[in-house]
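Quick notes on the structure that follows.
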Amino acid sequence: MITSFPDFRTLDFPTPERDALEAEYAAIHAAIDADDLPQALDLFDRQRRAYESWASLAGLRFSQDTKHPGYIAARDLADRLTPFVTGLETGVKRRFLERRDQAARYIDAYVLALWDTDITTFDDRIEPLLAEEARLCSEYTALLAKAEIPFRGAIYNLSGLEPFQQEPDRQTRHDADAARWEFYESQSAALDGIFDALVRLRTEMARTLGFSSYTELGYRRMRRTDYTPRDVAGFREQIATHVTPLVQALLQRRQLEMGWDRVKAWDEALVDPAGNPAPAGNVPVMLARAAEMFAKLDETGELAAFFDAMVQGRYLDLENRPGKADGGFCTSFPSNGTPFIFANFNGTHGDIGVFTHEMGHAYQNWKSRDLPAFDSLWPTMEAAEIHSMGLEFLSWPEIDGLVEEGGADRYRRLHLTESLCFLPYGACVDHFQHEIYARPDMSPAERHATWQRLERHYMPWRDWGDLSYPARGARWQAQRHIYEAPFYYIDYTLALCVALQLWLIGQVDAPRAMDIYRSLCAAGGSRPFCRLVEEAGLTVPFAEGALAESVDEAEQILMS
């Protein structure tokens, strides 16, 4: 049982230099030349952990303060160095794969399969393109982080505006949404310019590497080894067929309950007619309540001990503040096995969801920290999101402590509703990206028209009213994954399909659901997505009817 983490404030990793990196990788090649593959693997693993730890810390610190000159400089260095390091890593992977029979004695077959994919995604010729891609993504992050939005006599960043978008008062929600989209419209030229450059860069990378479009390269960069775009398209249609009609019925019911003429876009965030339930308190209150919740959820005591170590070691940054990057994520430092949770609490129920979500990532990363291969520490992203979304649902029995008094049942209902509503949106984001990279020469206007068309297919209820900018098809510009991590979004919907199965099991046998969850976390990235799901005794999302039982149960609860 873990007792403590090193104090995050003292955490530091040596800043890498190109010459030193080349020398360290030369030593790895020398060990391979000497047929000492165990030594080469050990050196390779240590070097990858060291670089990833430094790069993660550089990225985290920049997210914590996007205006700090030192953090900006370290982030810029990471943007330049990472493609160079990717080239060094790819060279070593190729050497091992050239000796596959010998390497297979020491390297898991799935890791070798990942490396087979990895070596097709890099060539020295695209190193400058990768550096420019990283720079453009950082530019997008900084652009959103600088938002200073005037609203009702005060100035807010994007996270700070969110509570007003969930206010029971309809006019307040409208005005907050209008203020948000006015900011995006004011940056429309920059947002279109950044994305246009990214699409062209990625297309050039793909063609340089011999792919017909970025889609195939994008799937390989996501390390998807056991399913294809055709499988994903089939899953999207399951969502459109089975989930979209239920969400539309839920919104129509809400319209009748509230006496609205129509459900507008700014109404969708208000799930509870009495107002969405709020968190139990500020960050210190939430941390204290979370410690009690985890102690009750996990009879082994491991989850509570892990959380206590994170709190004591200061491995959480949850407060929203000026200059801090938007959103939430979990990163990690594989040299010492510690994860870190980054979020922007703003006093809405979203604080609870983000917290339990990122805690799921953190717990998985810690559970699998001692797996022998660096490539197994994190699973591919659709598998990783099972751990995050799974903990959101597994927290239900003890969620009362994190919610304002009397709001737990309302929160559970809201969480289930939002999960269903997310599925069509997630499918829309993914479908949009497939169309964008199939036609990389689209103009900004054509991209907006594409989003409009797909939004009507997956979310036919969406009515933007007088919010002209998103009504013209610009909603996608607020989704950072589309800019920063192409094809990383369907992962959430695939994982949610599996997490809903854990929810169903937990409804009747909570200890069994937690056992399945712990095993999934411990398995980390040791196997591909479909195999991880199957070995957990759950249904792979691509199977026909994978969503049926969960959707039926949700309908019984929410429409009763």
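Each chain of the structure tokens is named A, B, ... in the order shown, its residues numbered from 1; ligands are numbered from 1 in display order.
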Check: Running DSSP on the backbone, which parts of region 36-285 of chain A land in helix (DSSP H, G or I), as a PyMOL selection string?
Finding: chain A and resi 37-64+69-98+100-103+109-118+124-145+158-165+170-186+188-208+214-221+229-258+265-267+283-285
Check: Got a sec to tell me which of region 309-504 of chain A DSSP assigns to strand (DSSP E), as a ChimeraX atom specification?
Finding: /A:316-319,329-333,338-345
Only N, CA and C atoms, please: the residues just picked out, written as a short mmCIF file (atom, residue, chain, number, x, y, z; two decimals), in the first residue's frame.
```cif
data_model
loop_
_atom_site.label_atom_id
_atom_site.label_comp_id
_atom_site.auth_asym_id
_atom_site.auth_seq_id
_atom_site.Cartn_x
_atom_site.Cartn_y
_atom_site.Cartn_z
N LEU A 316 -2.49 17.74 -7.36
CA LEU A 316 -3.75 18.20 -7.93
C LEU A 316 -3.70 19.72 -8.02
N ASP A 317 -4.13 20.26 -9.16
CA ASP A 317 -4.28 21.70 -9.34
C ASP A 317 -5.69 21.91 -9.87
N LEU A 318 -6.61 22.31 -9.00
CA LEU A 318 -8.03 22.31 -9.34
C LEU A 318 -8.66 23.69 -9.46
N GLU A 319 -8.01 24.72 -8.92
CA GLU A 319 -8.62 26.06 -8.92
C GLU A 319 -8.49 26.73 -10.28
N PHE A 329 -7.20 17.66 -17.37
CA PHE A 329 -6.49 16.48 -17.89
C PHE A 329 -5.71 15.82 -16.77
N CYS A 330 -5.22 14.64 -17.06
CA CYS A 330 -4.30 13.95 -16.16
C CYS A 330 -3.02 13.69 -16.93
N THR A 331 -1.91 14.04 -16.35
CA THR A 331 -0.62 13.72 -16.93
C THR A 331 0.16 12.88 -15.92
N SER A 332 1.36 12.45 -16.29
CA SER A 332 2.12 11.61 -15.35
C SER A 332 3.61 11.77 -15.58
N PHE A 333 4.36 11.31 -14.59
CA PHE A 333 5.82 11.40 -14.62
C PHE A 333 6.35 9.98 -14.43
N THR A 338 4.26 8.80 -10.65
CA THR A 338 3.22 9.65 -10.07
C THR A 338 2.41 10.34 -11.16
N PRO A 339 1.09 10.36 -11.04
CA PRO A 339 0.24 11.13 -11.96
C PRO A 339 -0.08 12.50 -11.36
N PHE A 340 -0.66 13.36 -12.18
CA PHE A 340 -1.04 14.70 -11.74
C PHE A 340 -2.37 15.06 -12.38
N ILE A 341 -3.28 15.65 -11.58
CA ILE A 341 -4.60 16.05 -12.08
C ILE A 341 -4.66 17.57 -12.20
N PHE A 342 -5.04 18.03 -13.38
CA PHE A 342 -5.19 19.45 -13.70
C PHE A 342 -6.66 19.70 -14.02
N ALA A 343 -7.26 20.72 -13.41
CA ALA A 343 -8.66 21.04 -13.68
C ALA A 343 -8.91 22.51 -13.39
N ASN A 344 -10.13 22.94 -13.70
CA ASN A 344 -10.54 24.32 -13.45
C ASN A 344 -11.91 24.31 -12.79
N PHE A 345 -11.95 24.16 -11.47
CA PHE A 345 -13.24 24.14 -10.78
C PHE A 345 -13.90 25.51 -10.90
#
```
Could the residues of region 245-306 of chain A that have an atom at most 12 Å from region 176-196 of chain A be listed as CSV, each with its closest atom pair and the distance in Å to one decimal, counting only C-alpha atoms and ordered by chain and ascending residue number?
```
residue,atom,partner,partner_atom,distance
A:Lys264,CA,A:Asp177,CA,11.0
A:Ala265,CA,A:Asp177,CA,8.8
A:Trp266,CA,A:Asp177,CA,6.4
A:Asp267,CA,A:Asp177,CA,10.0
A:Glu268,CA,A:Asp177,CA,11.3
A:Ala269,CA,A:Asp177,CA,10.6
```
What would the file look like if the residues just selected were written as a compact mmCIF listing (two decimals), in the first residue's frame with N, CA and C atoms?
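Contents of selection.txt, as written:
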```txt
# COMPACT_ATOMS: atom_id res chain seq x y z
N LYS A 264 -33.61 25.69 -26.87
CA LYS A 264 -32.53 26.39 -27.53
C LYS A 264 -31.19 25.80 -27.08
N ALA A 265 -30.13 26.12 -27.80
CA ALA A 265 -28.81 25.59 -27.47
C ALA A 265 -28.42 25.94 -26.05
N TRP A 266 -28.78 27.13 -25.57
CA TRP A 266 -28.41 27.55 -24.22
C TRP A 266 -29.29 26.90 -23.15
N ASP A 267 -30.29 26.15 -23.55
CA ASP A 267 -31.12 25.42 -22.60
C ASP A 267 -30.59 24.02 -22.32
N GLU A 268 -29.77 23.50 -23.22
CA GLU A 268 -29.38 22.09 -23.12
C GLU A 268 -28.55 21.80 -21.87
N ALA A 269 -27.83 22.79 -21.38
CA ALA A 269 -26.99 22.56 -20.19
C ALA A 269 -27.80 22.50 -18.91
```
Next item on the list: Between CA of Tyr51 (chain A) and CA of Ala103 (chain A), measure the distance and give it in Å to one decimal.
Entry: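 Rounded to one decimal, the two atoms are 23.3 Å apart.
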Check: Any idea what's packed within 9 Å of Leu297 (chain A), counting only C-alpha atoms, ignoring anything in its chain fewer than 6 positions away? Could you give it as a list in words?
Finding: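 My reading of the contact set: Leu303, Ala304, Leu394, Ser395, Pro397, Glu398, Ala510, Pro511 and Met514 of chain A.
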Item checked: Point-to-point distance in Å for CA of Gly347 (chain A) and CA of Arg289 (chain A) ->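 Going from CA of Arg289 (chain A) over to CA of Gly347 (chain A), I get 15.2 Å.
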Item checked: Option closest in space to Arg253 (chain A), from A:Ser560, A:Ala438, A:Glu302, A:Ser138 [counting only C-alpha atoms] ->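 Looking only at the distances to Arg253 (chain A), the closest residue turns out to be A:Ser560.
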